[in-house]
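Asker: The structure's right below; bear with me while I get my questions together.
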Amino acid sequence: MKNKVGFLMLFICTLIFSQQTTFKFDFGGERVEKGFIPINSTSKFDKKIGYGFMDISGLKSIDNDGNALTGDFITSEKPFYFSVAIPEGNYDIKLNLGDTKGTSETTVRVENRRLMLNDIKTKQGEIVEKQITVHVKDSIIRKQDGTQIGIVKLKPRETKYLHWDNLLTIEFNDKAPKVCSVIIQANKTAKTIYLTGDSTVVDAQYEPWASWGQMLPYFFVTNEVVIANYAESGETLKAFEDRHRIDKIWNKIKSGDYLFIQFGHNDQKAGNSTKSGYRKRLKEWILKAKELGAIPVLVTSMNRRVFDENNKIVNTLDDFPDAMREIAKEEKVDLIDLNALSKTLFEAMGPENAKKAFVHYSANAYPNQPNALADDTHFNPYGAYELAQCVVKSIVDQNLPLKKYISKNYKNFNPQKPDDVEKFHWPESVFMESLKPDGN
């Protein structure tokens, strides 16, 4: 026990006096692998030491003897969240999942419900090692020497988000999540795909809302590519500039990285048109990305769930999708036509079944939700997952350079034949809210 206490004090001092980017956590009971930090069911997050569980209620430490690292684990009957104070950047996270005397079933998401591993099942006595690559960000804009030169102007609702809080938070979810160890190490080589956009792209924190951006990491090869989602609800191209979100990206993006741009839903609001700055800003962003050696990719805004009498999708986005298509040709940049793909997808679903992809729920379907939810712009996890597959399909079908980084999780999606919603796997998180996101 003395050795364990001594090691813990040494680690605390290291964390306080340096910007540590490598961590090794041994989840389980009293036995601890050499060189690892012990984590048990009472390890509640403490900002003084910089790591721990968000909520320890319901956590169980199980020790099966045997190997110190994989012979014990942490589990719970509800989702549990482990946070680490860590500098912004890209990180590889190695996870040992399983049970040497039983089975397990684990889904892993990070930050605001960003999907990384889906329904990982282990057989009796099996331990599997999985790796994910995660982008961690904060709101400070810095020089290379660390000096602050600006800040992203966050909205009040964003102060509760898990992706601006100077922590890496990992969500362990599913029927029987069993976690033996977590190893975090900086990744300096992965290509970063920066996502810009609105509420249809953002990493949504609360059930039942979701967007395609938070599903995208699941379809890319870990270690080589990382998704950095900077989208936010209600944003336009101009607001993205005014709040310095794009400045934060310009400050971080490097040669060989990607910049995905999807705006239109909020830009089309009263008084705005494609001629009132939209085209000009798009072209400026494209030029700036190229100057920095990054690769801009335009993404047309997906359709809303608005059908005509013939069950065909009605365009509610004016000429914004066409403007983006034209600019892609003029500037010779790649285009993902999510507007066209979503039309095919929603029409294949039909007016009634398409509700299952959007936030359409009867009253009291979720806690503190006295009124029915009927939103034809925003998606639930199933709809977000289907749209993410549309994005990946476009990358694959066009043979874009990113195609070589698409993982085996992508199964040649056909938007004319949507996935069966009843077979969609999404264990819900503990965060729920009936308040509609900003924007429409």
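Every chain in the structure tokens has a letter given in the order shown (A, B, ...), and although residue numbers restart at 1 in each chain, ligands are simply numbered from 1 in the order shown.
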Excluding Glu284 of chain A and its own-chain neighbours fewer than 6 positions away, which residues fall within 12 Å of it when counting only C-alpha atoms? Please give them as a list of chain:residue names.
Answerer: A:Leu237, A:Lys238, A:Glu241, A:Ile246, A:Gly277, A:Tyr278, A:Lys290, A:Glu291, A:Pro296, A:Ile327, A:Glu331
Asker: Would you save the residues of that selection, restricted to N, CA and C atoms, as a PDB file, in the first residue's frame?
Answerer:
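Once written, out-v7.pdb looks like this:
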ATOM      1  N   LEU A 237     -22.292  31.052 -41.612  1.00  0.00           N
ATOM      2  CA  LEU A 237     -20.895  31.342 -41.951  1.00  0.00           C
ATOM      3  C   LEU A 237     -20.414  32.592 -41.222  1.00  0.00           C
ATOM      4  N   LYS A 238     -21.251  33.641 -41.228  1.00  0.00           N
ATOM      5  CA  LYS A 238     -20.862  34.905 -40.578  1.00  0.00           C
ATOM      6  C   LYS A 238     -20.705  34.731 -39.074  1.00  0.00           C
ATOM      7  N   GLU A 241     -17.578  33.131 -38.039  1.00  0.00           N
ATOM      8  CA  GLU A 241     -16.461  34.072 -38.042  1.00  0.00           C
ATOM      9  C   GLU A 241     -16.529  34.987 -36.828  1.00  0.00           C
ATOM     10  N   ILE A 246     -13.910  29.904 -36.542  1.00  0.00           N
ATOM     11  CA  ILE A 246     -13.041  29.615 -37.676  1.00  0.00           C
ATOM     12  C   ILE A 246     -11.611  30.071 -37.382  1.00  0.00           C
ATOM     13  N   GLY A 277     -23.157  37.744 -48.852  1.00  0.00           N
ATOM     14  CA  GLY A 277     -21.963  37.350 -48.105  1.00  0.00           C
ATOM     15  C   GLY A 277     -21.677  35.869 -48.104  1.00  0.00           C
ATOM     16  N   TYR A 278     -22.677  35.042 -48.389  1.00  0.00           N
ATOM     17  CA  TYR A 278     -22.512  33.586 -48.330  1.00  0.00           C
ATOM     18  C   TYR A 278     -21.446  33.112 -49.324  1.00  0.00           C
ATOM     19  N   LYS A 290      -6.577  26.567 -48.444  1.00  0.00           N
ATOM     20  CA  LYS A 290      -5.537  26.201 -49.418  1.00  0.00           C
ATOM     21  C   LYS A 290      -4.209  26.860 -49.094  1.00  0.00           C
ATOM     22  N   GLU A 291      -4.260  28.128 -48.676  1.00  0.00           N
ATOM     23  CA  GLU A 291      -3.024  28.836 -48.309  1.00  0.00           C
ATOM     24  C   GLU A 291      -2.302  28.136 -47.167  1.00  0.00           C
ATOM     25  N   PRO A 296     -10.019  21.883 -48.498  1.00  0.00           N
ATOM     26  CA  PRO A 296     -11.423  22.195 -48.226  1.00  0.00           C
ATOM     27  C   PRO A 296     -12.361  21.245 -48.955  1.00  0.00           C
ATOM     28  N   ILE A 327     -19.978  26.929 -56.481  1.00  0.00           N
ATOM     29  CA  ILE A 327     -18.695  27.370 -55.928  1.00  0.00           C
ATOM     30  C   ILE A 327     -17.680  26.233 -55.951  1.00  0.00           C
ATOM     31  N   GLU A 331     -14.214  26.862 -57.802  1.00  0.00           N
ATOM     32  CA  GLU A 331     -12.972  26.837 -57.021  1.00  0.00           C
ATOM     33  C   GLU A 331     -12.232  25.504 -57.129  1.00  0.00           C
TER      34      GLU A 331
END
Asker: Would you pick out the contacts of segment 131-143 of chain A at 7 Å or less, using only C-alpha atoms, so that residues sharing its chain but fewer than 4 positions from it are not included, and give the list as a PyMOL selection string?
Answerer: chain A and resi 88-95+116+147-152+163-166+168+222-223+226-228+248+251
Asker: Taking only C-alpha atoms into account, name the residue in A:Phe220, A:Tyr410, A:Phe82, A:Phe260 that is nearest to Thr42 of chain A.
Answerer: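 Result for the nearest residue to Thr42 of chain A: A:Phe82.
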Asker: Env of segment 425-436 of chain A: 8 Å cut, atoms = only C-alpha atoms, seq-sep filter 2 positions within chain, self excluded. Answer as a list in words.
Answerer: Pro79, Thr107, Arg113, Asn118, Asp119, Asn173, Asp174, Gln205, Tyr206, Glu207, Pro208, Tyr366, Pro367, Asn368, Gln369, Leu373, Pro381, Tyr382, Lys423 and Asp438 of chain A
Asker: Out of A:Arg279, A:Lys60, A:Lys155, A:Lys411, which residue has the shortest atom-to-atom distance to Pro437 of chain A when counting only C-alpha atoms?
Answerer: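 With only C-alpha atoms as the atom set, the closest residue is A:Lys155.
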Asker: So how far away is atom CA of Val202 of chain A from atom CA of Gly234 of chain A, in Å?
Answerer: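 The value is 10.0 Å.
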Asker: For Val314 of chain A, list every protein, DNA or RNA residue within 9 Å, evaluated using only C-alpha atoms, and leave out those in the same chain fewer than 2 positions away; present the list as a PDB file with all heavy atoms, in the first residue's frame.
Answerer:
ATOM      1  N   ASN A 303     -31.718  17.971 -46.651  1.00  0.00           N
ATOM      2  CA  ASN A 303     -33.093  18.441 -46.704  1.00  0.00           C
ATOM      3  C   ASN A 303     -33.789  18.316 -45.353  1.00  0.00           C
ATOM      4  O   ASN A 303     -33.381  17.540 -44.490  1.00  0.00           O
ATOM      5  CB  ASN A 303     -33.880  17.634 -47.738  1.00  0.00           C
ATOM      6  CG  ASN A 303     -33.581  18.064 -49.157  1.00  0.00           C
ATOM      7  OD1 ASN A 303     -34.113  19.064 -49.631  1.00  0.00           O
ATOM      8  ND2 ASN A 303     -32.708  17.333 -49.839  1.00  0.00           N
ATOM      9  N   ARG A 304     -34.847  19.083 -45.203  1.00  0.00           N
ATOM     10  CA  ARG A 304     -35.752  18.918 -44.077  1.00  0.00           C
ATOM     11  C   ARG A 304     -36.812  17.862 -44.442  1.00  0.00           C
ATOM     12  O   ARG A 304     -36.952  17.505 -45.620  1.00  0.00           O
ATOM     13  CB  ARG A 304     -36.433  20.248 -43.740  1.00  0.00           C
ATOM     14  CG  ARG A 304     -35.461  21.344 -43.289  1.00  0.00           C
ATOM     15  CD  ARG A 304     -36.204  22.638 -42.982  1.00  0.00           C
ATOM     16  NE  ARG A 304     -35.312  23.666 -42.437  1.00  0.00           N
ATOM     17  CZ  ARG A 304     -34.704  24.596 -43.164  1.00  0.00           C
ATOM     18  NH1 ARG A 304     -34.878  24.628 -44.479  1.00  0.00           N
ATOM     19  NH2 ARG A 304     -33.925  25.498 -42.592  1.00  0.00           N
ATOM     20  N   ARG A 305     -37.545  17.403 -43.444  1.00  0.00           N
ATOM     21  CA  ARG A 305     -38.594  16.403 -43.708  1.00  0.00           C
ATOM     22  C   ARG A 305     -39.881  17.126 -44.140  1.00  0.00           C
ATOM     23  O   ARG A 305     -40.839  17.258 -43.392  1.00  0.00           O
ATOM     24  CB  ARG A 305     -38.859  15.542 -42.464  1.00  0.00           C
ATOM     25  CG  ARG A 305     -39.691  14.268 -42.780  1.00  0.00           C
ATOM     26  CD  ARG A 305     -40.238  13.641 -41.516  1.00  0.00           C
ATOM     27  NE  ARG A 305     -41.321  14.441 -40.953  1.00  0.00           N
ATOM     28  CZ  ARG A 305     -42.606  14.329 -41.284  1.00  0.00           C
ATOM     29  NH1 ARG A 305     -42.997  13.459 -42.199  1.00  0.00           N
ATOM     30  NH2 ARG A 305     -43.515  15.115 -40.715  1.00  0.00           N
ATOM     31  N   VAL A 306     -39.848  17.604 -45.375  1.00  0.00           N
ATOM     32  CA  VAL A 306     -41.010  18.280 -45.954  1.00  0.00           C
ATOM     33  C   VAL A 306     -41.318  17.608 -47.291  1.00  0.00           C
ATOM     34  O   VAL A 306     -40.500  17.656 -48.219  1.00  0.00           O
ATOM     35  CB  VAL A 306     -40.754  19.786 -46.157  1.00  0.00           C
ATOM     36  CG1 VAL A 306     -41.972  20.456 -46.772  1.00  0.00           C
ATOM     37  CG2 VAL A 306     -40.395  20.446 -44.820  1.00  0.00           C
ATOM     38  N   PHE A 307     -42.485  16.974 -47.374  1.00  0.00           N
ATOM     39  CA  PHE A 307     -42.877  16.221 -48.568  1.00  0.00           C
ATOM     40  C   PHE A 307     -44.038  16.915 -49.280  1.00  0.00           C
ATOM     41  O   PHE A 307     -44.863  17.590 -48.639  1.00  0.00           O
ATOM     42  CB  PHE A 307     -43.333  14.810 -48.190  1.00  0.00           C
ATOM     43  CG  PHE A 307     -42.219  13.890 -47.765  1.00  0.00           C
ATOM     44  CD1 PHE A 307     -41.729  13.908 -46.458  1.00  0.00           C
ATOM     45  CD2 PHE A 307     -41.666  12.977 -48.659  1.00  0.00           C
ATOM     46  CE1 PHE A 307     -40.717  13.051 -46.062  1.00  0.00           C
ATOM     47  CE2 PHE A 307     -40.649  12.117 -48.278  1.00  0.00           C
ATOM     48  CZ  PHE A 307     -40.174  12.152 -46.976  1.00  0.00           C
ATOM     49  N   ASP A 308     -44.137  16.712 -50.606  1.00  0.00           N
ATOM     50  CA  ASP A 308     -45.297  17.191 -51.348  1.00  0.00           C
ATOM     51  C   ASP A 308     -46.352  16.088 -51.419  1.00  0.00           C
ATOM     52  O   ASP A 308     -46.190  15.020 -50.813  1.00  0.00           O
ATOM     53  CB  ASP A 308     -44.897  17.696 -52.739  1.00  0.00           C
ATOM     54  CG  ASP A 308     -44.339  16.598 -53.650  1.00  0.00           C
ATOM     55  OD1 ASP A 308     -44.546  15.396 -53.348  1.00  0.00           O
ATOM     56  OD2 ASP A 308     -43.698  16.933 -54.663  1.00  0.00           O
ATOM     57  N   LYS A 312     -42.654  13.378 -52.497  1.00  0.00           N
ATOM     58  CA  LYS A 312     -41.330  13.813 -52.910  1.00  0.00           C
ATOM     59  C   LYS A 312     -40.873  14.953 -51.997  1.00  0.00           C
ATOM     60  O   LYS A 312     -41.679  15.782 -51.571  1.00  0.00           O
ATOM     61  CB  LYS A 312     -41.337  14.290 -54.367  1.00  0.00           C
ATOM     62  CG  LYS A 312     -41.732  13.212 -55.374  1.00  0.00           C
ATOM     63  CD  LYS A 312     -40.718  12.074 -55.379  1.00  0.00           C
ATOM     64  CE  LYS A 312     -41.067  11.020 -56.422  1.00  0.00           C
ATOM     65  NZ  LYS A 312     -40.108   9.887 -56.414  1.00  0.00           N
ATOM     66  N   THR A 316     -36.512  23.230 -49.267  1.00  0.00           N
ATOM     67  CA  THR A 316     -36.803  24.356 -48.369  1.00  0.00           C
ATOM     68  C   THR A 316     -35.562  25.211 -48.124  1.00  0.00           C
ATOM     69  O   THR A 316     -35.544  26.055 -47.235  1.00  0.00           O
ATOM     70  CB  THR A 316     -37.316  23.829 -47.012  1.00  0.00           C
ATOM     71  OG1 THR A 316     -36.279  23.049 -46.388  1.00  0.00           O
ATOM     72  CG2 THR A 316     -38.567  22.979 -47.195  1.00  0.00           C
ATOM     73  N   LYS A 343     -32.181  13.641 -49.993  1.00  0.00           N
ATOM     74  CA  LYS A 343     -33.438  13.571 -50.737  1.00  0.00           C
ATOM     75  C   LYS A 343     -33.759  12.120 -51.097  1.00  0.00           C
ATOM     76  O   LYS A 343     -34.883  11.634 -50.886  1.00  0.00           O
ATOM     77  CB  LYS A 343     -33.358  14.423 -52.002  1.00  0.00           C
ATOM     78  CG  LYS A 343     -34.646  14.485 -52.827  1.00  0.00           C
ATOM     79  CD  LYS A 343     -34.467  15.409 -54.032  1.00  0.00           C
ATOM     80  CE  LYS A 343     -35.795  15.669 -54.738  1.00  0.00           C
ATOM     81  NZ  LYS A 343     -36.389  14.451 -55.329  1.00  0.00           N
TER      82      LYS A 343
END
Asker: Would you list, as a ChimeraX atom specification, the residues of segment 204-389 of chain A that end up in alpha helix (DSSP H) under DSSP run on this structure's backbone?
Answerer: /A:212-215,237-242,245-252,279-291,320-331,338-353,381-389
Asker: Which residue gives the smallest distance to Tyr230 of chain A among A:Thr106, A:Asn96, A:Thr196, A:Gln20, with only C-alpha atoms counted?
Answerer: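 Among A:Thr106, A:Asn96, A:Thr196, A:Gln20, it is A:Thr196 that comes nearest to Tyr230 of chain A.
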Asker: Determine the nearest neighbour of Ile193 of chain A from the options A:Glu171, A:Gly102, A:Ile249, A:Asp257, counting only C-alpha atoms.
Answerer: A:Asp257
Asker: Can you tell me how far atom CA of Val84 of chain A sits from atom CA of Gly125 of chain A, in Å to one decimal?
Answerer: 28.9 Å
Asker: Assign secondary structure with DSSP using the backbone only, and return the residues of segment 84-192 of chain A in strand (DSSP E or B) as a ChimeraX atom specification.
Answerer: /A:84-85,89-98,104-110,114-122,127-136,140-142,148-151,167-176,178-186,191-192
Asker: Could you turn the residues from that selection into a file that holds C-alpha atoms, as an mmCIF file, in the first residue's frame?
Answerer:
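Below is the file selection.cif, written as the result:
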data_model
loop_
_atom_site.group_PDB
_atom_site.id
_atom_site.type_symbol
_atom_site.label_atom_id
_atom_site.label_comp_id
_atom_site.auth_asym_id
_atom_site.auth_seq_id
_atom_site.Cartn_x
_atom_site.Cartn_y
_atom_site.Cartn_z
ATOM 1 C CA VAL A 84 -8.906 13.271 -17.634
ATOM 2 C CA ALA A 85 -7.542 16.821 -17.585
ATOM 3 C CA GLY A 89 -4.655 17.917 -29.217
ATOM 4 C CA ASN A 90 -5.115 14.517 -30.826
ATOM 5 C CA TYR A 91 -4.808 11.375 -28.716
ATOM 6 C CA ASP A 92 -4.720 7.627 -29.244
ATOM 7 C CA ILE A 93 -6.629 5.753 -26.545
ATOM 8 C CA LYS A 94 -6.033 2.028 -26.044
ATOM 9 C CA LEU A 95 -8.756 0.195 -24.173
ATOM 10 C CA ASN A 96 -8.734 -3.306 -22.717
ATOM 11 C CA LEU A 97 -12.338 -4.518 -22.588
ATOM 12 C CA GLY A 98 -13.747 -7.799 -21.329
ATOM 13 C CA SER A 104 -19.098 -8.247 -21.934
ATOM 14 C CA GLU A 105 -20.804 -5.768 -24.261
ATOM 15 C CA THR A 106 -19.465 -2.222 -24.515
ATOM 16 C CA THR A 107 -20.164 0.863 -26.608
ATOM 17 C CA VAL A 108 -17.651 3.695 -26.337
ATOM 18 C CA ARG A 109 -18.348 7.336 -27.074
ATOM 19 C CA VAL A 110 -16.304 10.421 -26.177
ATOM 20 C CA ARG A 114 -19.159 11.122 -30.331
ATOM 21 C CA LEU A 115 -19.405 7.519 -31.524
ATOM 22 C CA MET A 116 -16.111 5.586 -31.471
ATOM 23 C CA LEU A 117 -16.816 1.893 -30.761
ATOM 24 C CA ASN A 118 -20.217 0.315 -31.225
ATOM 25 C CA ASP A 119 -21.439 -2.825 -29.456
ATOM 26 C CA ILE A 120 -18.099 -4.520 -28.783
ATOM 27 C CA LYS A 121 -18.948 -8.021 -27.529
ATOM 28 C CA THR A 122 -16.430 -10.352 -25.888
ATOM 29 C CA ILE A 127 -10.169 -9.626 -23.314
ATOM 30 C CA VAL A 128 -9.894 -7.430 -26.415
ATOM 31 C CA GLU A 129 -7.708 -4.411 -27.034
ATOM 32 C CA LYS A 130 -9.316 -1.605 -29.021
ATOM 33 C CA GLN A 131 -7.892 1.745 -30.053
ATOM 34 C CA ILE A 132 -9.632 5.012 -30.822
ATOM 35 C CA THR A 133 -8.235 8.406 -31.825
ATOM 36 C CA VAL A 134 -9.818 11.490 -30.295
ATOM 37 C CA HIS A 135 -9.530 15.242 -30.806
ATOM 38 C CA VAL A 136 -9.606 17.310 -27.602
ATOM 39 C CA ILE A 140 -8.373 29.411 -26.218
ATOM 40 C CA ILE A 141 -6.611 30.621 -29.375
ATOM 41 C CA ARG A 142 -2.846 30.552 -28.836
ATOM 42 C CA GLN A 148 -3.232 33.512 -25.607
ATOM 43 C CA ILE A 149 -4.205 35.686 -28.574
ATOM 44 C CA GLY A 150 -7.956 35.140 -28.624
ATOM 45 C CA ILE A 151 -10.901 33.083 -27.466
ATOM 46 C CA LEU A 167 -11.133 17.497 -20.192
ATOM 47 C CA LEU A 168 -11.157 14.314 -22.222
ATOM 48 C CA THR A 169 -14.316 12.438 -21.223
ATOM 49 C CA ILE A 170 -14.920 8.827 -22.244
ATOM 50 C CA GLU A 171 -18.419 7.343 -22.044
ATOM 51 C CA PHE A 172 -18.711 3.588 -21.405
ATOM 52 C CA ASN A 173 -22.170 2.340 -22.237
ATOM 53 C CA ASP A 174 -24.226 -0.739 -23.227
ATOM 54 C CA LYS A 175 -25.620 -3.878 -21.580
ATOM 55 C CA ALA A 176 -22.428 -5.020 -19.842
ATOM 56 C CA LYS A 178 -16.370 -3.920 -18.594
ATOM 57 C CA VAL A 179 -13.217 -1.818 -18.701
ATOM 58 C CA CYS A 180 -9.842 -3.202 -17.615
ATOM 59 C CA SER A 181 -7.518 -0.388 -18.621
ATOM 60 C CA VAL A 182 -7.205 2.923 -20.454
ATOM 61 C CA ILE A 183 -3.950 4.161 -21.988
ATOM 62 C CA ILE A 184 -3.842 7.691 -23.437
ATOM 63 C CA GLN A 185 -0.999 8.916 -25.639
ATOM 64 C CA ALA A 186 -0.583 11.964 -27.872
ATOM 65 C CA LYS A 191 -4.770 13.767 -40.388
ATOM 66 C CA THR A 192 -7.418 15.962 -38.788
#
Asker: A:Asp267, A:Asp420, A:Glu347, A:Asp322: which is nearest Leu335 of chain A, counting only C-alpha atoms?
Answerer: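 When distances to Leu335 of chain A are compared using only C-alpha atoms, the smallest one comes from A:Asp322.
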Asker: Pick out the residues sitting within 6 Å of Leu338 of chain A, and hand them over as a list in words; count only C-alpha atoms, and ignore anything fewer than 2 positions along from it in its own chain.
Answerer: Thr300, Met302, Ile336, Ala340, Leu341 and Ser342 of chain A
Asker: Which of these, A:Ser211, A:Thr21, A:Asn440, A:Phe358, has the shortest distance to Tyr385 of chain A once you count only C-alpha atoms?
Answerer: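 Closest to Tyr385 of chain A of all the choices is A:Ser211.
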